[in-house]
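See structure below.
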Amino acid sequence: MNKNNKILQMQENDIDISAAFRVLMKYKISIILITLVFVVVASINAYFKPDIYASSTMIEIGIEKANSPNDIIAQATEGSTLTTDTEIGIIKSRYLANYALRKVDFSHRYYVKRHMKEYELYKDSPFDVNLTKGRGISFLVYPIDDKMYRLEVKLGEENYDKIHNYGQEVKTDKFQFVLNRKNTKKMDANVYRFVVLRHQSSVSYVVGGTSTSQQNKHSALLKITYRDVVPQRAKEYADALAASYIEQSIYRKTREASKTLNFVDNQLLEINNNLKYSAVQLENFKVKTNAISLETKADGIVSRISDYETELSSLKIKEKLLGILYTKIKTGKNLETLSVTGFGKDDKEISALTELVKELQNSVLKVKLLRSDYTEEYPEVKKLRKQIKQLKKVIITTVKNMRKNISDKRMLVTKSMKSQQKNLKKLPEDEREYGRLQRKFVINEKIYSYLLEQRSATAIAKASTVSKNRVLDKALPGSLISPNRKRTILMGLILGLIAGIGFAFLRAFLDDRIKNEDDIIRGTDAGVLAALPAMKDTYKRGGTLYVFKSPKSVITEAYRNIRTNLKFLSPKDQSQVIVVTSTIAGEGKTTICANLAGIISMTDKRVIVVSLDMRKPTLHDEFNLTNNQGISSVLSNDMLLPDVIKHTRYENLDVITSGPIPPNPSELIQSDRMIDVLDKLKSVYDVVILDTPPIGVVTDARVLISISDVTLYVIRAEYAKKSFLRSVNEIYHSEDVKSFGIIFNAVEIRNNNYGYGYGYGYGYGYGYDSDYYLEKIK
């Protein structure tokens, strides 16, 4: 491969940056317009998008550790052990939002419209509403004066529009309310709007604006952030949510202790009455019998029986508590309020039961949190339901075993107590009666002391219960976080540029027009003889030919380049017949014929241009000649050839116009008379240039190509289609075509690397030798 082929191959492999730049310059107007549209849309969106403010509060959470089941106070106050993720779930739950909304009013919304944009007023509203019926309906208020207003309500097809006084009840089938005027607030707008939301809508609104984040993985600090369109309300709700969280954590801790206290108080009341009755009976017996002391043996028997009866009462209480726990587990209601308290110091069974109950409570709480956002079909909910079912089975089995153990122990204690009672019966009657009364009194006294101990522990725990959670930083008035209007407009600008550039390249990709020489080289095997720059709009037909008008211009140099290359195409020293054609009209072949004839005539060669485009003739306009007679007259045998040859004002340059439009131009061109005319012209002129019809429209030019010496095919840049190159290639490979070259017309100089190379052979601007191109030109 020679040097020029290597250079061409390198250029084909490189990214054509200049081509991309040409595309951008060509469609710069559309790119600018699309970018402006995006910027305008982004600006409108940034203006009308409501301001969002964020307010944050910081809390510290205390994750409780499991306590020993032998600790009475811990048993009375111990709830479920929660994790940080659970606490975050509680804060974001609808359950806690319900409590927080009691502190902040989110249902009453007041709006005002200024500069085509609606703003929420919150506490700055000039009026307030006491609505009884009509939640969710939007009301428009048009102030008339300080006493009256006009109310407008759109209810589907029905519209309500009436004037009312402030403080007057407005009542219809759809709504009922009283609108009160705030004298401290000035009404400076033409229209206001208010709506009272349903409670669940308010809950959904605040839950959607709440976010909770952990400072880091191992931190006990949680940041509660609330986003709202009103900065003051964002602050108030963030504080209210934190306060509600603290209050609910305390409530959860004290709820079990309160239930235990109620149970113990009821037992104390009953035992206290029994103790008083036993004391009175014992005292009366002593007075009646003058008993001062009993025998040591009787005292021992009574003491043992009292211990057995005390233990038996304690076992009955435990059995009753286990029965309550068993019933709650079986029914499945209020599982989160279960408490394994009141058993005192006990064995490992109580510890295991306590852990199982805690695990069950955790699972139940997690299900409640998930069910606020998901259905029963959610995988995590189904997994927890299965876990709860298994835990309930294990707890029920454990409680049954514990109840059986207590029942067995109670039977042994009862048997031992009956044995001591038999021994007591062997004593004298007075001693037996005294022992019975003494035993009953001691039993009641011990039970009463036991219950007092339990109540004291529970009461102390309840009174001393404080939340391990605390608020570290209270919320400040919300700060603006969105929209970032500058960024929105900038994104609009960037997206507009991307869309505009993308659209430009899409148009360029879908554009089937031939834009540069590379398109020609890729589409046909024929070589480009020369490229002609686009003529300025100032050039007019009928005036001086361009090559004579601007002899030193780049365009004229390009025509000289064609003249030089024609010598290589037909080097013989005899007359040349040159056919100039194109695929369709408008590609500039007639103008090229005229100026090419002019540039050749400058070399003292006699040149004649024949207009054979008899359907749409324009050659006579190039030379400002009449077209009353011409080649059609000769071919029709109406006139002789010398009579139609017209001399121009340019030396050595003659013209034969097309003449009157014949009914059969194709037959005339294909006749033997046409060949005779060409032979006569060749005998007189050095160069005969034929301006033929477009070859893509009619076949006239195809016949003339076969009898010509040189065929010049004109392709206009940004006008001819790439599909035209198939016809060019077909003609180029025809056997009857002697010499063939393409003239690339109307090329924009600023978009190509032509430079001054036009005066020295096509392609010099690219650094190629003209021989490289002539190898491809017939």
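Convention: chains lettered A, B, ... in structure tokens order; per-chain residue numbering from 1; ligands numbered from 1 as shown.
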| said: DSSP on the backbone: which residues in segment 448-554 of chain A end up as helix (DSSP H, G or I)? Give the answer as a PyMOL selection string. | reply: chain A and resi 448-463+485-510+517-523+546-549+554
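Every protein, DNA or RNA residue with an atom at most 7 Å from Ile705 of chain A, where only C-alpha atoms count and chain neighbours fewer than 6 positions away do not, is listed here: A:Val579, A:Thr711, A:Val737.
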Go ahead and write the residues just picked, N, CA and C atoms, as a tab-separated table (two decimals), in the first residue's frame.
```
chain	number	residue	atom	x	y	z
A	579	VAL	N	-19.69	15.24	-21.32
A	579	VAL	CA	-21.08	15.20	-20.86
A	579	VAL	C	-21.11	15.56	-19.37
A	711	THR	N	-17.17	11.87	-19.01
A	711	THR	CA	-18.44	12.07	-18.28
A	711	THR	C	-18.14	12.70	-16.93
A	737	VAL	N	-18.49	3.53	-20.95
A	737	VAL	CA	-18.05	4.79	-20.36
A	737	VAL	C	-16.53	4.86	-20.49
```
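When only C-alpha atoms are used to compute distances to Lys393 of chain A, the closest of the residues A:Ala558, A:Ile250, A:Leu356, A:Val580 turns out to be A:Leu356.
Of the listed residues (A:Leu625, A:Ile271, A:Leu321, A:Ile350), A:Ile271 comes nearest to Leu452 of chain A; the distances count only C-alpha atoms.
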| field | Contacts of segment 397-409 of chain A at 9 Å (only C-alpha atoms; same-chain gap of 2+ positions) as number ranges by chain | value | A: 312, 315-316, 318-319, 322-323, 325-326, 349-350, 352-353, 392-395, 411-414
| query | segment 673-681 of chain A: which residues within 9 Å, counting only C-alpha atoms, same-chain residues fewer than 2 positions away excluded, as a PyMOL selection string? | reply | chain A and resi 575+577+608+634-637+641+668-671+683-688+707
Please, could you write that set of residues out with N, CA, C and O atoms as a PDB file, in the first residue's frame?
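That gives us out_15.pdb:
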```pdb
ATOM      1  N   SER A 575     -10.442  16.839 -30.485  1.00  0.00           N
ATOM      2  CA  SER A 575     -11.599  17.432 -29.825  1.00  0.00           C
ATOM      3  C   SER A 575     -12.174  16.480 -28.767  1.00  0.00           C
ATOM      4  O   SER A 575     -12.183  15.256 -28.970  1.00  0.00           O
ATOM      5  N   VAL A 577     -15.502  15.572 -26.290  1.00  0.00           N
ATOM      6  CA  VAL A 577     -16.933  15.724 -26.004  1.00  0.00           C
ATOM      7  C   VAL A 577     -17.124  15.398 -24.522  1.00  0.00           C
ATOM      8  O   VAL A 577     -16.868  14.260 -24.096  1.00  0.00           O
ATOM      9  N   ILE A 608     -17.599  25.096 -27.170  1.00  0.00           N
ATOM     10  CA  ILE A 608     -19.032  25.316 -27.384  1.00  0.00           C
ATOM     11  C   ILE A 608     -19.811  24.507 -26.365  1.00  0.00           C
ATOM     12  O   ILE A 608     -19.456  23.361 -26.047  1.00  0.00           O
ATOM     13  N   VAL A 634     -32.517  22.122 -34.782  1.00  0.00           N
ATOM     14  CA  VAL A 634     -31.606  21.415 -35.688  1.00  0.00           C
ATOM     15  C   VAL A 634     -31.982  19.947 -35.765  1.00  0.00           C
ATOM     16  O   VAL A 634     -32.056  19.361 -36.854  1.00  0.00           O
ATOM     17  N   LEU A 635     -32.213  19.323 -34.600  1.00  0.00           N
ATOM     18  CA  LEU A 635     -32.539  17.895 -34.567  1.00  0.00           C
ATOM     19  C   LEU A 635     -33.882  17.620 -35.229  1.00  0.00           C
ATOM     20  O   LEU A 635     -34.119  16.511 -35.733  1.00  0.00           O
ATOM     21  N   SER A 636     -34.742  18.633 -35.273  1.00  0.00           N
ATOM     22  CA  SER A 636     -36.054  18.474 -35.930  1.00  0.00           C
ATOM     23  C   SER A 636     -35.995  18.839 -37.404  1.00  0.00           C
ATOM     24  O   SER A 636     -37.037  18.868 -38.082  1.00  0.00           O
ATOM     25  N   ASN A 637     -34.781  19.204 -37.874  1.00  0.00           N
ATOM     26  CA  ASN A 637     -34.557  19.572 -39.272  1.00  0.00           C
ATOM     27  C   ASN A 637     -35.303  20.849 -39.665  1.00  0.00           C
ATOM     28  O   ASN A 637     -35.641  21.054 -40.830  1.00  0.00           O
ATOM     29  N   LEU A 641     -27.430  23.849 -38.556  1.00  0.00           N
ATOM     30  CA  LEU A 641     -26.597  23.966 -37.367  1.00  0.00           C
ATOM     31  C   LEU A 641     -25.949  25.342 -37.239  1.00  0.00           C
ATOM     32  O   LEU A 641     -25.964  25.938 -36.143  1.00  0.00           O
ATOM     33  N   LEU A 668     -35.246  12.664 -30.222  1.00  0.00           N
ATOM     34  CA  LEU A 668     -34.341  13.566 -30.933  1.00  0.00           C
ATOM     35  C   LEU A 668     -32.895  13.327 -30.508  1.00  0.00           C
ATOM     36  O   LEU A 668     -31.981  13.307 -31.347  1.00  0.00           O
ATOM     37  N   ILE A 669     -32.678  13.170 -29.213  1.00  0.00           N
ATOM     38  CA  ILE A 669     -31.305  12.967 -28.708  1.00  0.00           C
ATOM     39  C   ILE A 669     -30.756  11.623 -29.176  1.00  0.00           C
ATOM     40  O   ILE A 669     -29.565  11.485 -29.473  1.00  0.00           O
ATOM     41  N   GLN A 670     -31.598  10.605 -29.268  1.00  0.00           N
ATOM     42  CA  GLN A 670     -31.142   9.266 -29.647  1.00  0.00           C
ATOM     43  C   GLN A 670     -31.096   9.074 -31.179  1.00  0.00           C
ATOM     44  O   GLN A 670     -30.713   8.000 -31.666  1.00  0.00           O
ATOM     45  N   SER A 671     -31.406  10.109 -31.948  1.00  0.00           N
ATOM     46  CA  SER A 671     -31.416   9.997 -33.418  1.00  0.00           C
ATOM     47  C   SER A 671     -30.002  10.094 -34.004  1.00  0.00           C
ATOM     48  O   SER A 671     -29.068  10.559 -33.339  1.00  0.00           O
ATOM     49  N   SER A 683     -15.432  18.947 -35.378  1.00  0.00           N
ATOM     50  CA  SER A 683     -14.523  19.362 -36.457  1.00  0.00           C
ATOM     51  C   SER A 683     -14.193  20.842 -36.387  1.00  0.00           C
ATOM     52  O   SER A 683     -13.212  21.286 -36.998  1.00  0.00           O
ATOM     53  N   VAL A 684     -14.987  21.579 -35.622  1.00  0.00           N
ATOM     54  CA  VAL A 684     -14.774  23.030 -35.547  1.00  0.00           C
ATOM     55  C   VAL A 684     -14.228  23.439 -34.180  1.00  0.00           C
ATOM     56  O   VAL A 684     -13.367  24.327 -34.085  1.00  0.00           O
ATOM     57  N   TYR A 685     -14.687  22.771 -33.110  1.00  0.00           N
ATOM     58  CA  TYR A 685     -14.338  23.182 -31.740  1.00  0.00           C
ATOM     59  C   TYR A 685     -13.406  22.161 -31.098  1.00  0.00           C
ATOM     60  O   TYR A 685     -13.442  20.962 -31.415  1.00  0.00           O
ATOM     61  N   ASP A 686     -12.561  22.696 -30.198  1.00  0.00           N
ATOM     62  CA  ASP A 686     -11.651  21.817 -29.448  1.00  0.00           C
ATOM     63  C   ASP A 686     -12.388  21.038 -28.349  1.00  0.00           C
ATOM     64  O   ASP A 686     -12.021  19.899 -28.046  1.00  0.00           O
ATOM     65  N   VAL A 687     -13.350  21.701 -27.719  1.00  0.00           N
ATOM     66  CA  VAL A 687     -14.084  21.067 -26.617  1.00  0.00           C
ATOM     67  C   VAL A 687     -15.564  21.314 -26.833  1.00  0.00           C
ATOM     68  O   VAL A 687     -15.979  22.462 -27.051  1.00  0.00           O
ATOM     69  N   VAL A 688     -16.335  20.202 -26.773  1.00  0.00           N
ATOM     70  CA  VAL A 688     -17.798  20.297 -26.851  1.00  0.00           C
ATOM     71  C   VAL A 688     -18.366  19.840 -25.512  1.00  0.00           C
ATOM     72  O   VAL A 688     -18.154  18.681 -25.096  1.00  0.00           O
ATOM     73  N   ILE A 707     -21.460   8.070 -26.166  1.00  0.00           N
ATOM     74  CA  ILE A 707     -20.781   8.631 -27.346  1.00  0.00           C
ATOM     75  C   ILE A 707     -19.879   9.801 -26.964  1.00  0.00           C
ATOM     76  O   ILE A 707     -19.407  10.527 -27.837  1.00  0.00           O
TER      77      ILE A 707
END
```
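Atom CA of Ala54 of chain A sits 4.4 Å away from atom CA of Arg227 of chain A.
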| task | Determine which residues of segment 225-388 of chain A receive a DSSP assignment of strand (DSSP E or B), computed from the backbone, and state them as an MDAnalysis selection string. | result | chainID A and resid 225:228
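Contact shell of Thr556 of chain A at 12 Å (only C-alpha atoms; same-chain neighbours under 5 positions omitted): A:Ala531, A:Leu532, A:Pro533, A:Ala534, A:Met535, A:Leu545, A:Tyr546, A:Val547, A:Phe548, A:Lys549, A:Ser550, A:Pro551, A:Asn561, A:Ile562, A:Arg563, A:Ile592, A:Asn595, A:Leu596, A:Gly598, A:Ile599, A:Ile600, A:Met602, A:Tyr756, A:Tyr758, A:Gly759, A:Tyr760.
Across the structure, atom CA of Ile514 of chain A and atom CA of Ser739 of chain A are spaced 23.0 Å apart.
Between atom CA of Val698 of chain A and atom CA of Ala530 of chain A the interatomic distance comes to 25.3 Å.
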| task | List the neighbours of Phe505 of chain A out to 10 Å using only C-alpha atoms; skip same-chain residues closer than 6 positions along the sequence, and give me the result as a PyMOL selection string. | result | chain A and resi 20+23-24+27+499+511
For the selection you just gave me, I'd like the residues written to a file as an mmCIF file, in the first residue's frame, keeping N, CA, C and O atoms.
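That gives us selection_21.cif:
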```cif
data_model
loop_
_atom_site.group_PDB
_atom_site.id
_atom_site.type_symbol
_atom_site.label_atom_id
_atom_site.label_comp_id
_atom_site.auth_asym_id
_atom_site.auth_seq_id
_atom_site.Cartn_x
_atom_site.Cartn_y
_atom_site.Cartn_z
ATOM 1 N N ALA A 20 -18.121 15.927 13.865
ATOM 2 C CA ALA A 20 -19.035 16.151 14.985
ATOM 3 C C ALA A 20 -19.234 17.642 15.218
ATOM 4 O O ALA A 20 -20.356 18.098 15.496
ATOM 5 N N VAL A 23 -21.623 19.010 12.722
ATOM 6 C CA VAL A 23 -23.017 18.687 13.061
ATOM 7 C C VAL A 23 -23.553 19.667 14.098
ATOM 8 O O VAL A 23 -24.671 20.182 13.987
ATOM 9 N N LEU A 24 -22.732 19.954 15.111
ATOM 10 C CA LEU A 24 -23.162 20.891 16.158
ATOM 11 C C LEU A 24 -23.386 22.280 15.594
ATOM 12 O O LEU A 24 -24.354 22.961 15.964
ATOM 13 N N TYR A 27 -26.687 22.398 13.426
ATOM 14 C CA TYR A 27 -27.951 22.379 14.164
ATOM 15 C C TYR A 27 -27.888 23.231 15.436
ATOM 16 O O TYR A 27 -28.610 22.965 16.390
ATOM 17 N N ALA A 499 -30.083 16.820 25.423
ATOM 18 C CA ALA A 499 -31.198 16.515 24.506
ATOM 19 C C ALA A 499 -30.993 17.192 23.157
ATOM 20 O O ALA A 499 -31.239 16.580 22.106
ATOM 21 N N ASP A 511 -30.225 11.877 8.465
ATOM 22 C CA ASP A 511 -30.073 12.687 7.250
ATOM 23 C C ASP A 511 -29.346 11.862 6.188
ATOM 24 O O ASP A 511 -28.175 11.491 6.354
#
```
| note | For Val112 of chain A, the closest of A:Thr35, A:Asn469, A:Ser125, A:Ser201 counting only C-alpha atoms is A:Ser125
| task | Determine the nearest neighbour of Ile749 of chain A from the options A:Asn130, A:Gln454, A:Asn516, A:Gln361, counting only C-alpha atoms. | result | A:Asn516
